[in-house]
Amino acid sequence: MSSLPPADIIVAGAGAAGLSAAIALADAGFQTLCIGRLDFGAHGRTVALFEGSLRFYRALGLWPHLTPLAAPIETISMIDDTGAAIRARTVTFSASEIGLPAFGANIENNALVEALAGIARARPNLTLHDGFLKDIAFEKESVRATAEDGSVFEAKLLVAADGRKSLARGKAGIGARAWTYPQVALTVFLAHEHPHRQISTEFHTRSGPCTLVPLPAKADAPHRSSLVWLMSGADAKRRAALAPDALAAEIQNQVHSLLGAMRLDGQPGFFPMTGLRVSRLAGHRIALIGEAAHVFPPLAAQGLNLSLRDTANLVEILEDAQMLGRDIGTAATLAPYSVERRSDISVRTLGIDVLNRSLLTDLIPVDFLRSAGLLAFAMIGPLRRAIMREGILPHGHLPRLMQPQPSGPAGINEPALRRNRASRNRSQRLT
């Protein structure tokens with residue numbers, strides 16, 4: 001039996017989604033245990049954090065720690081590079097059109113995980129346990145989790161952030177439908193000749209999007225971007241065997257030398273594209289977030305942004321339940337989470353699936369519809385602005401962690417500090 005303190009909530013998974021959830025839950029006053037192994041093998045992968053996610057991290061006081069690691073995204077450009085007979089016009093979205101200095105910021109996945117882990121280790125109410133879970137039992141009054149080292153932990157609720165092959169989801173008997181795409185994503189960091197000017201550029205090709213996203217400068221690379229390039233499995237296999245200079249040359253050719261000469265700034269990664277939907281998002285003693293709840297290709301940078309909305313919504317529901325003295329792990333308590341998150345997840349999953357599949361076909365009617373849609377985005381101002389707002393911060397109810405919160409002196413987020421103190425005090429009174 002582990003000697004760690006008893007927990008209110010166990011978070012399974014120590015990736016960016018799991019660590020973020022653990023920090024948010026601990027700050028809300030819950031004694032939290034995060035079980036997982038830090039994984040820094042996501043070669044070339046980044047996270048584009050949009051406005052709602054920035055608010056989330058600001059509300060928790062985390063963004064000052066992450067800002068130096070990130071590059072702002074002020075403009076998004078979409079270029080039709082399919083070679084279609086009906087070619088869509090280039091569409092450019094500017095954050096200034098909706099009153100923001102930037103849509104968000106791009107940060108290396110490994111750097112984000114490392115920073116979050118460091119913050120988590122120093123957080124009150126939060127303990128990290130390095131290792132994977134090997135068994136989970138959902139009992140009437142609690143959930144019992146057994147780690148691979150034999151340690152056994154008990155809590156009122158388990159938050160599953162343990163990825164697309166989630167052990168927790170399977171043990172809870174929650175069904176999942178998975179599918180594959182005929183694509184592999186190449187991810188890599190690039191150093192290049194010309195500045196990116198805070199512009200993210202997405203080339204739509206017949207194999208899927210090829211996207212350049214700004215990264216912050218380094219001492220030996222003043223101009224840097226990350227690349228996500230979807231391609232066929234055969235092309236991915238061939239390119240994985242190329243020397244770095246040869247691969248950089250192919251990338252430079254694919255993006256039409258937009259940023260000048262290029263070289264790889266790290267090891268590339270190759271990731272098969274899949275999708276996943278679950279039958280339900282919560283149940284007795286369990287709530288799913290992140291890739292345990294939804295998986296889709298990395299288009300429009302929705303992955304972690306969607307996961308943080310999961311967390312913000314879940315934290316609000318659990319705070320309110322605890323304030324009313326309710327058991328935080330019952331199916332009745334967690335039912336609103338499933339209801340409130342279902343629409344957002346369904347819309348993103350379907351939209352990205354349709355966009356991705358539309359690029360893979362050369363049917364003229366599909367090309368026409370895609371071209372007409374992009375033309376409407378380019379020409380109709382209110383539609384453009386609505387699409388931009390929906391992309392970075394969906395309409396509807398905003399959980400407290402994603403509501404705008406003005407900063408006090410020296411950039412201190414006074415509302416967030418008061419909220420966290422109140423949550424901790426409330427937790428102490430109820431226990």
# chains A, B, ... in the order shown; residues from 1 in each chain; ligands from 1

$ residues_around --residues "Arg400 (chain A)" --least-positions-apart "6" --cutoff "9 Å" --atoms "only C-alpha atoms" --output "PyMOL selection string"
chain A and resi 56+59+312-313+315-316

$ closest_atom_pairs --of "region 218-304 of chain A" --to "region 182-204 of chain A" --cutoff "6 Å" --atoms "only C-alpha atoms" --output "CSV"
residue,atom,partner,partner_atom,distance
A:Ala221,CA,A:Ala191,CA,5.8
A:His223,CA,A:Pro195,CA,5.3
A:Arg224,CA,A:Ala191,CA,4.5
A:Ser225,CA,A:Leu190,CA,5.3
A:Ser226,CA,A:Phe189,CA,4.4
A:Leu227,CA,A:Val188,CA,5.4
A:Val228,CA,A:Thr187,CA,4.7
A:Trp229,CA,A:Leu186,CA,5.1
A:Leu230,CA,A:Ala185,CA,4.4
A:Met231,CA,A:Gln183,CA,5.2
A:Ser232,CA,A:Gln183,CA,4.7
A:Gly233,CA,A:Val184,CA,5.7
A:Leu259,CA,A:His194,CA,4.9
A:Gly260,CA,A:Glu193,CA,4.9
A:Ala261,CA,A:Glu193,CA,5.2
A:Met262,CA,A:His192,CA,4.4
A:Arg263,CA,A:Ala191,CA,5.4
A:Leu264,CA,A:Leu190,CA,4.8
A:Asp265,CA,A:Leu190,CA,4.9
A:Gly266,CA,A:Phe189,CA,6.0
A:Pro268,CA,A:Val188,CA,4.5
A:Gly269,CA,A:Thr187,CA,5.1
A:Phe270,CA,A:Leu186,CA,4.7
A:Phe271,CA,A:Ala185,CA,5.1
A:Pro272,CA,A:Val184,CA,4.3
A:Met273,CA,A:Val184,CA,5.5

$ write_last_selection --atoms "N, CA and C atoms" --output "compact mmCIF listing (two decimals), in the first residue's frame"
# COMPACT_ATOMS: atom_id res chain seq x y z
N ALA A 221 19.20 29.79 -34.16
CA ALA A 221 18.14 29.74 -35.17
C ALA A 221 17.15 30.88 -34.93
N HIS A 223 15.01 32.24 -36.85
CA HIS A 223 13.70 32.06 -37.48
C HIS A 223 13.35 30.57 -37.45
N ARG A 224 12.27 30.24 -36.73
CA ARG A 224 11.90 28.84 -36.56
C ARG A 224 10.39 28.65 -36.71
N SER A 225 10.00 27.49 -37.20
CA SER A 225 8.59 27.11 -37.29
C SER A 225 8.48 25.61 -37.04
N SER A 226 7.29 25.19 -36.68
CA SER A 226 6.99 23.76 -36.62
C SER A 226 6.22 23.37 -37.87
N LEU A 227 6.35 22.12 -38.26
CA LEU A 227 5.67 21.61 -39.45
C LEU A 227 4.80 20.42 -39.07
N VAL A 228 3.56 20.41 -39.59
CA VAL A 228 2.72 19.21 -39.57
C VAL A 228 2.30 18.96 -41.00
N TRP A 229 2.74 17.85 -41.57
CA TRP A 229 2.50 17.55 -42.98
C TRP A 229 1.88 16.17 -43.08
N LEU A 230 0.61 16.12 -43.50
CA LEU A 230 -0.08 14.85 -43.69
C LEU A 230 0.20 14.31 -45.08
N MET A 231 0.53 13.02 -45.13
CA MET A 231 0.91 12.39 -46.40
C MET A 231 0.51 10.92 -46.38
N SER A 232 0.64 10.27 -47.52
CA SER A 232 0.32 8.84 -47.58
C SER A 232 1.34 8.03 -46.79
N GLY A 233 0.95 6.82 -46.44
CA GLY A 233 1.87 5.95 -45.71
C GLY A 233 3.13 5.64 -46.51
N LEU A 259 9.46 30.39 -46.77
CA LEU A 259 10.31 30.97 -45.74
C LEU A 259 11.79 30.83 -46.08
N GLY A 260 12.09 30.65 -47.35
CA GLY A 260 13.48 30.57 -47.79
C GLY A 260 14.09 29.21 -47.50
N ALA A 261 15.41 29.19 -47.45
CA ALA A 261 16.13 27.94 -47.21
C ALA A 261 15.79 27.38 -45.83
N MET A 262 15.73 26.05 -45.74
CA MET A 262 15.31 25.38 -44.50
C MET A 262 16.29 24.30 -44.09
N ARG A 263 16.33 24.04 -42.79
CA ARG A 263 17.04 22.88 -42.26
C ARG A 263 16.24 22.34 -41.08
N LEU A 264 16.40 21.05 -40.83
CA LEU A 264 15.73 20.46 -39.68
C LEU A 264 16.36 20.95 -38.39
N ASP A 265 15.51 21.24 -37.39
CA ASP A 265 16.00 21.70 -36.09
C ASP A 265 15.59 20.68 -35.02
N GLY A 266 15.88 19.44 -35.30
CA GLY A 266 15.51 18.38 -34.38
C GLY A 266 15.10 17.14 -35.14
N PRO A 268 12.68 14.36 -36.67
CA PRO A 268 11.28 14.32 -37.11
C PRO A 268 10.52 13.17 -36.47
N GLY A 269 9.19 13.32 -36.44
CA GLY A 269 8.32 12.25 -35.97
C GLY A 269 7.31 11.89 -37.04
N PHE A 270 6.87 10.64 -37.05
CA PHE A 270 5.87 10.17 -38.01
C PHE A 270 4.75 9.48 -37.22
N PHE A 271 3.51 9.96 -37.38
CA PHE A 271 2.40 9.49 -36.57
C PHE A 271 1.21 9.14 -37.45
N PRO A 272 0.76 7.87 -37.44
CA PRO A 272 -0.43 7.48 -38.22
C PRO A 272 -1.66 8.26 -37.75
N MET A 273 -2.51 8.63 -38.69
CA MET A 273 -3.70 9.41 -38.37
C MET A 273 -4.88 8.51 -38.05

$ select_by_dssp --residues "region 39-82 of chain A" --states "strand (DSSP E or B)" --output "PyMOL selection string"
chain A and resi 46-50+70-73+75-80

$ write_last_selection --atoms "N, CA and C atoms" --output "compact mmCIF listing (two decimals), in the first residue's frame"
# COMPACT_ATOMS: atom_id res chain seq x y z
N THR A 46 4.04 20.17 -31.61
CA THR A 46 3.76 21.40 -30.86
C THR A 46 2.28 21.46 -30.53
N VAL A 47 1.94 22.43 -29.70
CA VAL A 47 0.55 22.70 -29.35
C VAL A 47 0.28 24.17 -29.63
N ALA A 48 -0.72 24.44 -30.46
CA ALA A 48 -1.16 25.82 -30.69
C ALA A 48 -2.30 26.10 -29.72
N LEU A 49 -2.03 26.92 -28.72
CA LEU A 49 -3.01 27.25 -27.68
C LEU A 49 -3.79 28.48 -28.10
N PHE A 50 -5.11 28.35 -28.20
CA PHE A 50 -5.95 29.47 -28.60
C PHE A 50 -6.46 30.24 -27.38
N ALA A 70 6.79 30.17 -25.93
CA ALA A 70 5.78 30.17 -26.98
C ALA A 70 5.97 31.31 -27.96
N ALA A 71 5.43 31.14 -29.15
CA ALA A 71 5.44 32.17 -30.19
C ALA A 71 4.00 32.53 -30.53
N PRO A 72 3.66 33.82 -30.59
CA PRO A 72 2.28 34.21 -30.91
C PRO A 72 1.90 33.87 -32.34
N ILE A 73 0.62 33.59 -32.54
CA ILE A 73 0.06 33.37 -33.87
C ILE A 73 -0.92 34.51 -34.14
N THR A 75 -1.74 35.69 -37.40
CA THR A 75 -2.42 35.56 -38.69
C THR A 75 -2.44 34.10 -39.10
N ILE A 76 -3.53 33.65 -39.72
CA ILE A 76 -3.64 32.30 -40.26
C ILE A 76 -3.98 32.40 -41.74
N SER A 77 -3.15 31.78 -42.57
CA SER A 77 -3.34 31.81 -44.02
C SER A 77 -3.61 30.40 -44.53
N MET A 78 -4.64 30.24 -45.37
CA MET A 78 -5.00 28.94 -45.93
C MET A 78 -4.88 29.00 -47.43
N ILE A 79 -4.03 28.11 -48.00
CA ILE A 79 -3.69 28.15 -49.42
C ILE A 79 -4.10 26.83 -50.07
N ASP A 80 -4.87 26.90 -51.14
CA ASP A 80 -5.26 25.71 -51.89
C ASP A 80 -4.08 25.27 -52.76

$ residues_around --residues "region 327-341 of chain A" --least-positions-apart "4" --cutoff "9 Å" --atoms "only C-alpha atoms" --output "PyMOL selection string"
chain A and resi 8-9+140-143+155-158+280-287+309-310+313-314+317-319+321-322+345-346+397

$ atom_distance --atom1 "CA of His256 (chain A)" --atom2 "CA of Cys210 (chain A)"
11.4 Å

$ atom_distance --atom1 "CA of Phe30 (chain A)" --atom2 "CA of Phe153 (chain A)"
15.2 Å

$ atom_distance --atom1 "CA of Ala234 (chain A)" --atom2 "CA of Glu291 (chain A)"
26.3 Å

$ closest_residue --among "A:Leu212, A:Ile119, A:Phe40, A:Ala24" --to "Gln252 (chain A)" --atoms "only C-alpha atoms"
A:Leu212

$ select_by_dssp --residues "region 31-115 of chain A" --states "helix (DSSP H, G or I)" --output "NGL selection string"
:A and (51-59 or 63-69 or 95-98 or 109-115)

$ residues_around --residues "Pro297 (chain A)" --least-positions-apart "4" --cutoff "8 Å" --atoms "only C-alpha atoms" --output "JSON, numbers by chain"
{"A": [273, 274, 275, 352, 353, 356]}

$ write_last_selection --atoms "C-alpha atoms" --output "PDB file, in the first residue's frame"
ATOM      1  CA  MET A 273      -3.700   9.411 -38.372  1.00  0.00           C
ATOM      2  CA  THR A 274      -6.676   8.010 -36.472  1.00  0.00           C
ATOM      3  CA  GLY A 275     -10.003   9.119 -35.061  1.00  0.00           C
ATOM      4  CA  ILE A 352     -12.252  18.061 -38.988  1.00  0.00           C
ATOM      5  CA  ASP A 353     -13.233  14.690 -40.434  1.00  0.00           C
ATOM      6  CA  ASN A 356      -9.712  16.159 -44.055  1.00  0.00           C
TER       7      ASN A 356
END

$ residues_around --residues "Ala111 (chain A)" --least-positions-apart "3" --cutoff "10 Å" --atoms "only C-alpha atoms" --output "list in words"
Ala16, Phe40, Thr46, Leu66, Leu69, Ala70, Ile107, Glu108, Glu114, Ala115, Leu116 and Ala117 of chain A

$ residues_around --residues "Lys134 (chain A)" --least-positions-apart "5" --cutoff "7 Å" --atoms "only C-alpha atoms" --output "list in words"
Thr146, Ala147 and Glu148 of chain A

$ decode --residues "region 6-24 of chain A" --atoms "N, CA and C atoms" --output "mmCIF file, in the first residue's frame"
data_model
loop_
_atom_site.group_PDB
_atom_site.id
_atom_site.type_symbol
_atom_site.label_atom_id
_atom_site.label_comp_id
_atom_site.auth_asym_id
_atom_site.auth_seq_id
_atom_site.Cartn_x
_atom_site.Cartn_y
_atom_site.Cartn_z
ATOM 1 N N PRO A 6 -4.145 10.367 1.106
ATOM 2 C CA PRO A 6 -5.367 9.994 0.396
ATOM 3 C C PRO A 6 -5.780 11.105 -0.564
ATOM 4 N N ALA A 7 -6.427 10.705 -1.652
ATOM 5 C CA ALA A 7 -6.783 11.668 -2.690
ATOM 6 C C ALA A 7 -8.291 11.775 -2.828
ATOM 7 N N ASP A 8 -8.753 12.967 -3.217
ATOM 8 C CA ASP A 8 -10.133 13.129 -3.648
ATOM 9 C C ASP A 8 -10.286 12.644 -5.081
ATOM 10 N N ILE A 9 -9.268 12.966 -5.907
ATOM 11 C CA ILE A 9 -9.335 12.681 -7.332
ATOM 12 C C ILE A 9 -8.005 12.096 -7.795
ATOM 13 N N ILE A 10 -8.082 11.037 -8.593
ATOM 14 C CA ILE A 10 -6.916 10.500 -9.291
ATOM 15 C C ILE A 10 -7.013 10.926 -10.751
ATOM 16 N N VAL A 11 -5.946 11.498 -11.281
ATOM 17 C CA VAL A 11 -5.850 11.790 -12.709
ATOM 18 C C VAL A 11 -4.925 10.745 -13.314
ATOM 19 N N ALA A 12 -5.433 9.955 -14.248
ATOM 20 C CA ALA A 12 -4.623 8.946 -14.929
ATOM 21 C C ALA A 12 -4.057 9.562 -16.199
ATOM 22 N N GLY A 13 -2.725 9.678 -16.262
ATOM 23 C CA GLY A 13 -2.080 10.263 -17.430
ATOM 24 C C GLY A 13 -1.330 11.527 -17.072
ATOM 25 N N ALA A 14 -0.067 11.597 -17.510
ATOM 26 C CA ALA A 14 0.777 12.751 -17.174
ATOM 27 C C ALA A 14 1.289 13.444 -18.423
ATOM 28 N N GLY A 15 0.449 13.484 -19.471
ATOM 29 C CA GLY A 15 0.750 14.324 -20.618
ATOM 30 C C GLY A 15 0.281 15.739 -20.356
ATOM 31 N N ALA A 16 0.254 16.571 -21.390
ATOM 32 C CA ALA A 16 -0.156 17.962 -21.217
ATOM 33 C C ALA A 16 -1.592 18.048 -20.695
ATOM 34 N N ALA A 17 -2.494 17.209 -21.218
ATOM 35 C CA ALA A 17 -3.887 17.249 -20.769
ATOM 36 C C ALA A 17 -4.011 16.805 -19.314
ATOM 37 N N GLY A 18 -3.347 15.699 -18.953
ATOM 38 C CA GLY A 18 -3.441 15.191 -17.588
ATOM 39 C C GLY A 18 -2.827 16.131 -16.567
ATOM 40 N N LEU A 19 -1.661 16.664 -16.855
ATOM 41 C CA LEU A 19 -1.005 17.585 -15.930
ATOM 42 C C LEU A 19 -1.813 18.865 -15.760
ATOM 43 N N SER A 20 -2.352 19.380 -16.864
ATOM 44 C CA SER A 20 -3.168 20.594 -16.780
ATOM 45 C C SER A 20 -4.401 20.350 -15.917
ATOM 46 N N ALA A 21 -5.041 19.190 -16.119
ATOM 47 C CA ALA A 21 -6.217 18.863 -15.318
ATOM 48 C C ALA A 21 -5.864 18.708 -13.846
ATOM 49 N N ALA A 22 -4.758 18.050 -13.565
ATOM 50 C CA ALA A 22 -4.352 17.839 -12.175
ATOM 51 C C ALA A 22 -4.089 19.165 -11.471
ATOM 52 N N ILE A 23 -3.426 20.086 -12.138
ATOM 53 C CA ILE A 23 -3.151 21.395 -11.547
ATOM 54 C C ILE A 23 -4.449 22.151 -11.292
ATOM 55 N N ALA A 24 -5.355 22.135 -12.274
ATOM 56 C CA ALA A 24 -6.623 22.853 -12.122
ATOM 57 C C ALA A 24 -7.454 22.271 -10.985
#
